[in-house]
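Just protein03.txt here, compact mmCIF, C-alpha atoms:
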# COMPACT_ATOMS: atom_id res chain seq x y z
CA MET A 6 -52.20 11.03 1.95
CA ARG A 7 -49.48 13.02 0.18
CA LYS A 8 -47.11 12.62 3.19
CA LYS A 9 -47.76 8.87 3.22
CA PHE A 10 -46.97 8.65 -0.51
CA ILE A 11 -43.69 10.58 -0.04
CA LEU A 12 -42.74 8.30 2.88
CA VAL A 13 -43.38 5.17 0.80
CA CYS A 14 -41.26 6.57 -2.05
CA PHE A 15 -38.46 7.47 0.39
CA LEU A 16 -38.46 3.99 1.94
CA SER A 17 -38.42 2.47 -1.54
CA ILE A 18 -35.33 4.51 -2.41
CA ILE A 19 -33.61 3.26 0.76
CA ILE A 20 -34.43 -0.34 -0.08
CA ILE A 21 -33.15 0.04 -3.64
CA ALA A 22 -29.95 1.74 -2.45
CA ASN A 23 -29.19 -1.10 -0.01
CA ALA A 24 -30.34 -3.95 -2.23
CA GLY A 25 -27.80 -6.61 -3.07
CA TRP A 26 -27.20 -10.29 -3.66
CA GLU A 27 -25.89 -12.99 -1.35
CA ILE A 28 -24.50 -16.01 -3.18
CA LYS A 29 -23.04 -19.37 -2.19
CA GLU A 30 -20.71 -20.56 -4.92
CA LYS A 31 -18.92 -23.85 -5.52
CA SER A 32 -15.49 -23.62 -7.12
CA GLY A 33 -13.65 -26.92 -7.39
CA ASP A 34 -13.89 -28.57 -3.97
CA LYS A 35 -14.37 -25.25 -2.18
CA GLU A 36 -17.47 -23.29 -1.26
CA LEU A 37 -17.29 -19.50 -1.36
CA ASN A 38 -19.60 -16.81 -0.05
CA VAL A 39 -20.10 -13.89 -2.44
CA ILE A 40 -21.84 -10.57 -1.77
CA ILE A 41 -22.62 -8.02 -4.47
CA ALA A 42 -23.90 -4.61 -3.36
CA ASN A 43 -23.15 -0.89 -3.44
CA ASN A 44 -20.59 -1.25 -6.25
CA LYS A 45 -18.57 -3.72 -4.19
CA MET A 46 -17.89 -7.43 -4.53
CA MET A 47 -16.87 -9.63 -1.61
CA ILE A 48 -15.54 -13.16 -2.09
CA GLU A 49 -14.98 -15.11 1.14
CA ASN A 50 -13.93 -18.61 2.12
CA GLU A 51 -13.88 -20.12 5.59
CA ASN A 52 -10.91 -18.10 6.91
CA SER A 53 -10.26 -15.17 4.59
CA GLY A 54 -11.74 -12.94 1.95
CA THR A 55 -11.26 -10.21 -0.63
CA VAL A 56 -13.33 -7.10 -1.29
CA PHE A 57 -13.17 -5.28 -4.62
CA ASP A 58 -14.34 -1.69 -4.26
CA LEU A 59 -15.13 -0.72 -7.86
CA GLU A 60 -16.08 2.85 -6.98
CA LYS A 61 -12.78 3.70 -5.25
CA GLU A 62 -10.65 1.21 -7.24
CA LYS A 63 -9.40 -0.39 -4.03
CA LEU A 64 -8.72 -3.90 -2.78
CA THR A 65 -9.09 -5.27 0.72
CA PHE A 66 -7.74 -8.64 1.90
CA TYR A 67 -8.64 -9.92 5.35
CA ASN A 68 -8.02 -12.95 7.51
CA LYS A 69 -10.75 -13.78 10.04
CA GLU A 70 -8.58 -16.19 12.01
CA LYS A 71 -5.66 -13.75 12.50
CA LYS A 72 -7.98 -10.69 12.56
CA ILE A 73 -5.76 -8.74 10.18
CA TYR A 74 -6.44 -6.84 6.96
CA TRP A 75 -4.70 -4.98 4.16
CA ASN A 76 -6.24 -2.47 1.79
CA GLY A 77 -5.02 -0.14 -0.92
CA THR A 78 -5.14 0.70 -4.59
CA ILE A 79 -4.08 -1.61 -7.41
CA GLU A 80 -0.80 0.33 -7.58
CA ASP A 81 -0.26 -0.25 -3.83
CA PHE A 82 -0.92 -3.95 -4.34
CA VAL A 83 1.62 -4.23 -7.19
CA LYS A 84 4.25 -2.29 -5.23
CA GLU A 85 3.94 -4.51 -2.15
CA MET A 86 3.89 -7.68 -4.25
CA ASP A 87 7.21 -6.59 -5.79
CA GLU A 88 8.58 -6.04 -2.28
CA ILE A 89 7.42 -9.53 -1.27
CA THR A 90 9.14 -11.02 -4.32
CA ASN A 91 12.39 -9.30 -3.37
CA LEU A 92 12.09 -10.66 0.19
CA ILE A 93 11.60 -14.18 -1.17
CA ILE A 94 14.69 -13.79 -3.38
CA GLU A 95 16.77 -12.66 -0.41
CA GLU A 96 15.55 -15.63 1.65
CA GLN A 97 16.48 -18.03 -1.15
CA LEU A 98 19.92 -16.46 -1.47
CA GLN A 99 20.73 -17.35 2.15
CA SER A 100 21.24 -20.94 1.02
CA VAL A 101 23.77 -19.85 -1.65
CA GLN A 102 27.46 -19.51 -0.85
CA ALA A 103 28.29 -15.89 0.01
CA GLU A 104 30.66 -15.36 -2.93
CA TYR A 105 27.94 -16.34 -5.44
CA ARG A 106 24.96 -14.49 -3.93
CA GLU A 107 25.32 -11.27 -5.92
CA LEU A 108 25.57 -13.22 -9.18
CA TYR A 109 22.45 -15.25 -8.30
CA ARG A 110 20.63 -12.05 -7.28
CA ILE A 111 21.35 -10.49 -10.69
CA VAL A 112 20.25 -13.64 -12.54
CA LEU A 113 16.97 -13.93 -10.60
CA LYS A 114 16.09 -10.25 -11.02
CA GLU A 115 16.86 -10.40 -14.75
CA LYS A 116 14.56 -13.41 -15.01
CA MET A 117 11.79 -11.50 -13.22
CA GLU A 118 12.24 -8.51 -15.50
CA GLN A 119 12.09 -10.76 -18.56
CA GLU A 120 8.85 -12.37 -17.34
CA LYS A 121 7.38 -8.89 -16.79
CA LYS A 122 8.30 -7.84 -20.34
CA GLU A 123 6.80 -11.02 -21.77
CA ARG A 124 3.56 -10.37 -19.88
CA GLU A 125 3.45 -6.77 -21.16
CA LYS A 126 4.09 -7.99 -24.70
CA LEU A 127 1.30 -10.56 -24.37
CA ASN A 128 -1.10 -7.88 -23.11
CA SER A 129 -0.21 -5.61 -26.02
CA ASN A 130 -1.11 -8.33 -28.53
CA SER A 131 -4.71 -8.22 -29.69
CA LEU A 132 -7.00 -11.00 -28.48
CA ASN A 133 -10.21 -11.47 -30.41
CA ILE A 134 -12.94 -12.44 -27.95
CA GLU A 135 -16.36 -13.32 -29.28
CA ILE A 136 -19.48 -14.02 -27.21
CA LYS A 137 -22.27 -16.15 -28.65
CA ARG A 138 -25.68 -16.67 -27.05
CA GLU A 139 -26.05 -20.42 -27.63
CA GLY A 140 -29.53 -20.35 -26.12
CA SER A 141 -29.75 -23.65 -24.22
CA LYS A 142 -31.58 -23.32 -20.91
CA LYS A 143 -31.35 -25.12 -17.58
CA LYS A 144 -31.99 -24.41 -13.92
CA ILE A 145 -29.02 -23.49 -11.74
CA ALA A 146 -29.64 -22.87 -8.03
CA GLY A 147 -33.32 -23.25 -8.90
CA MET A 148 -33.24 -20.40 -11.44
CA LYS A 149 -33.56 -20.52 -15.22
CA SER A 150 -30.24 -19.76 -16.91
CA VAL A 151 -29.16 -19.39 -20.54
CA LYS A 152 -25.91 -20.67 -22.04
CA TYR A 153 -23.39 -18.30 -23.64
CA GLU A 154 -20.19 -19.45 -25.34
CA VAL A 155 -16.90 -17.56 -25.19
CA TYR A 156 -14.40 -17.84 -28.04
CA ALA A 157 -10.82 -16.52 -27.88
CA ASP A 158 -9.05 -16.17 -31.24
CA GLY A 159 -11.60 -18.51 -32.77
CA LYS A 160 -11.27 -21.31 -30.20
CA LYS A 161 -13.98 -22.10 -27.70
CA ASN A 162 -12.67 -21.00 -24.30
CA ARG A 163 -15.58 -21.54 -21.91
CA GLU A 164 -19.33 -21.67 -21.40
CA ILE A 165 -21.04 -19.19 -19.10
CA TRP A 166 -24.64 -19.58 -17.92
CA ILE A 167 -26.52 -16.33 -17.29
CA ASN A 168 -29.74 -15.69 -15.37
CA GLU A 169 -31.20 -13.07 -17.69
CA ASN A 170 -34.03 -12.23 -15.26
CA ILE A 171 -31.67 -10.60 -12.76
CA ASN A 172 -30.67 -6.99 -13.41
CA LEU A 173 -27.41 -6.14 -11.63
CA LYS A 174 -27.01 -2.59 -12.92
CA SER A 175 -28.40 -1.07 -9.71
CA GLU A 176 -25.80 -2.93 -7.62
CA ILE A 177 -22.77 -2.81 -9.93
CA ASN A 178 -21.52 -0.19 -12.39
CA ILE A 179 -20.50 -2.55 -15.20
CA GLU A 180 -18.28 0.02 -16.95
CA LYS A 181 -16.33 0.61 -13.72
CA MET A 182 -16.10 -3.14 -13.28
CA LYS A 183 -14.59 -3.51 -16.76
CA SER A 184 -12.10 -0.71 -16.08
CA PHE A 185 -11.12 -2.04 -12.63
CA PHE A 186 -10.40 -5.62 -13.66
CA LYS A 187 -8.64 -4.63 -16.89
CA LYS A 188 -6.30 -2.44 -14.84
CA TYR A 189 -5.95 -5.12 -12.14
CA TYR A 190 -4.90 -7.78 -14.65
CA GLU A 191 -2.59 -5.60 -16.72
CA LYS A 192 -0.73 -4.13 -13.74
CA SER A 193 -0.57 -7.17 -11.46
CA GLY A 194 -0.56 -10.07 -13.93
CA THR A 195 -2.98 -11.77 -11.54
CA GLY A 196 -5.85 -13.78 -12.96
CA ASP A 197 -6.95 -14.79 -16.42
CA ARG A 198 -6.91 -12.45 -19.43
CA VAL A 199 -10.17 -13.75 -20.88
CA SER A 200 -12.03 -13.62 -17.53
CA PHE A 201 -11.03 -9.99 -17.03
CA SER A 202 -11.71 -8.94 -20.61
CA PRO A 203 -14.38 -6.25 -21.24
CA GLU A 204 -16.28 -8.74 -23.41
CA VAL A 205 -16.66 -11.39 -20.70
CA ILE A 206 -17.32 -8.86 -17.92
CA GLY A 207 -19.85 -7.31 -20.28
CA LEU A 208 -21.97 -10.44 -19.81
CA TRP A 209 -22.95 -8.98 -16.42
CA GLU A 210 -25.06 -6.53 -18.45
CA LYS A 211 -27.12 -9.53 -19.57
CA GLY A 212 -27.78 -10.73 -16.02
CA MET A 213 -26.25 -12.78 -13.20
CA PRO A 214 -23.46 -15.24 -14.14
CA MET A 215 -24.60 -18.52 -12.59
CA LYS A 216 -22.02 -21.00 -13.83
CA SER A 217 -18.78 -21.07 -15.80
CA GLU A 218 -17.32 -24.22 -17.31
CA GLU A 219 -13.90 -24.59 -18.87
CA SER A 220 -13.59 -25.98 -22.38
CA TYR A 221 -12.12 -29.38 -23.16
CA ASP A 222 -8.89 -29.61 -25.13
CA GLU A 223 -9.53 -32.46 -27.59
CA ASN A 224 -5.87 -32.62 -28.68
CA ASN A 225 -4.41 -33.08 -25.19
CA LYS A 226 -7.51 -34.76 -23.73
CA GLN A 227 -7.63 -32.45 -20.75
CA ASN A 228 -9.63 -29.57 -19.34
CA ILE A 229 -8.25 -26.08 -19.81
CA ASN A 230 -8.90 -22.95 -17.72
CA SER A 231 -9.92 -25.12 -14.75
CA ASP A 232 -9.32 -22.17 -12.41
CA ILE A 233 -12.27 -20.25 -13.85
CA SER A 234 -14.95 -22.91 -13.23
CA PHE A 235 -17.66 -22.15 -10.69
CA GLU A 236 -21.36 -22.74 -10.05
CA ASN A 237 -23.82 -20.84 -7.86
CA ILE A 238 -25.59 -23.29 -5.56
CA LYS A 239 -27.66 -20.78 -3.59
CA ILE A 240 -28.61 -17.19 -4.34
CA LYS A 241 -30.92 -14.66 -2.74
CA GLU A 242 -31.65 -10.95 -2.98
CA LYS A 243 -31.53 -9.04 0.29
CA ASN A 244 -30.85 -5.64 1.80
CA ILE A 245 -27.15 -5.58 2.61
CA GLY A 246 -25.58 -3.16 5.07
CA GLU A 247 -22.02 -1.89 4.70
CA ASN A 248 -20.79 -4.00 7.64
CA GLU A 249 -22.00 -7.16 5.90
CA ILE A 250 -19.63 -6.47 3.02
CA LEU A 251 -16.67 -5.57 5.20
CA ASN A 252 -16.69 -5.61 9.00
CA ILE A 253 -13.08 -5.23 10.16
CA GLU A 254 -13.43 -2.77 13.05
CA GLU A 255 -11.58 -5.13 15.40
CA TYR A 256 -8.95 -6.09 12.83
CA LYS A 257 -5.39 -4.81 12.67
CA LYS A 258 -4.06 -3.34 9.42
CA THR A 259 -0.84 -5.08 8.35
CA PRO A 260 1.53 -5.15 5.36
CA LEU A 261 0.57 -7.47 2.52
CA LYS A 262 3.51 -9.77 3.33
CA ASP A 263 1.69 -10.87 6.50
CA PHE A 264 -0.76 -12.70 4.25

For this file, produce the structure as structure tokens.
Amino acid sequence: MRKKFILVCFLSIIIIANAGWEIKEKSGDKELNVIIANNKMMIENENSGTVFDLEKEKLTFYNKEKKIYWNGTIEDFVKEMDEITNLIIEEQLQSVQAEYRELYRIVLKEKMEQEKKEREKLNSNSLNIEIKREGSKKKIAGMKSVKYEVYADGKKNREIWINENINLKSEINIEKMKSFFKKYYEKSGTGDRVSFSPEVIGLWEKGMPMKSEESYDENNKQNINSDISFENIKIKEKNIGENEILNIEEYKKTPLKDF
């Protein structure tokens, strides 16, 4: 009896360790597959995908059609993106008369450096983000969700619907998630400052984000932050093996520029 009890407990631990979530998400006119498990997040479309390894602070990009992949740290990513930018500049300069190329090269690189400084200055400025639990409820992907409102410097920025019945803390270390995406945004300039803020990522402590809607700019009569809108259309909990998150054994590792 005691051996049976120990075996049941051991199997339960295995199930918990491999538990995760498989999600089908609609973003604009695209459908994405998302997997959350083992402190990793995979986001995949029809031909390619990205894996964020929060534990190791690494990124992996892969292309299923070309069977290639790239992985590395955030610093590796930024370094190779800078190299790609320099390659693009050199390609553009081929259409400039030879005697003017060096002048154009200096101008373009100065412009890039200025944009980098402006981004760093923006990041250094404080941004007051406030989260309010508005409390409205509706079903998303067949699951009850609660509306939260996000305000940035006093202006409504977006609405995020959370399934408060799902506890993600066994699959994702939220503090590591905050640290990873803060570093990712600040170093690469990729993404949206509010989305990657500790306050918005902190909503994962409340439960599973099910839907995000941009706010409407009444002055300009247009939607803002349209790139951060999404809605889960199917979601299920399942045991997820490592090869379901990233199975690239037959893929060739390539430089980032190949993407």

Find the smallest box with edges along x, y and z containing every listed atom of segment 250-258 of chain A, then add 6 Å on each side and report centre and edge lengths in Å to one decimal, as lines of an AutoDock Vina configuration file.
center_x = -11.8
center_y = -4.6
center_z = 9.2
size_x = 27.6
size_y = 15.7
size_z = 24.4

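A cut-off of 6 Å from the point (-15.5, -7.9, 2.5), with all atoms listed in the file, picks out the residues Met47, Thr55, Val56, Ile250 and Leu251 of chain A.
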
How would the residues just picked look written out with C-alpha atoms as a compact mmCIF listing (two decimals), in the frame of the given file?
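In the end it all went to again11.txt:
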# COMPACT_ATOMS: atom_id res chain seq x y z
CA MET A 47 -16.87 -9.63 -1.61
CA THR A 55 -11.26 -10.21 -0.63
CA VAL A 56 -13.33 -7.10 -1.29
CA ILE A 250 -19.63 -6.47 3.02
CA LEU A 251 -16.67 -5.57 5.20

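The spacing separating atom CA of Lys122 of chain A from atom CA of Lys262 of chain A amounts to 24.2 Å.
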
(request) Quote the spacing between atom CA of Met86 of chain A and atom CA of Glu30 of chain A in Å to one decimal place. (result) 27.8 Å

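As for atom CA of Ile238 of chain A and atom CA of Phe185 of chain A, they are spaced 26.7 Å apart.
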
(request) Would you please work out which residue, of A:Glu95, A:Asn130, A:Glu218, A:Lys160, is nearest to Tyr109 of chain A when using only C-alpha atoms? (result) A:Glu95

(request) Measuring atom to atom with only C-alpha atoms, identify which of A:Ile240, A:Val101, A:Ile165, A:Leu261 is nearest to Pro214 of chain A. (result) A:Ile165

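Proximity ranking of A:Leu59, A:Glu176, A:Glu169, A:Val151 relative to Glu242 of chain A places A:Glu176 first, based on only C-alpha atoms.
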
(message) For a quick check of understanding, using all atoms listed in the file, which of A:Lys161, A:Lys239, A:Lys116, A:Lys183 has the smallest distance to Ile40 of chain A?
(response) A:Lys239

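For Gly77 of chain A, the set of protein, DNA and RNA residues having any atom at most 9 Å away, when counting all atoms listed in the file and skipping those fewer than 2 positions along the same chain, is A:Glu62, A:Lys63, A:Leu64, A:Thr65, A:Trp75, A:Ile79, A:Glu80, A:Asp81, A:Phe82.
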
(request) Tell me which protein, DNA and RNA residues are within 8 Å of Lys187 of chain A, counting only C-alpha atoms, leaving out same-chain ones fewer than 6 positions away, and put them as a PyMOL selection string. (result) chain A and resi 201-203
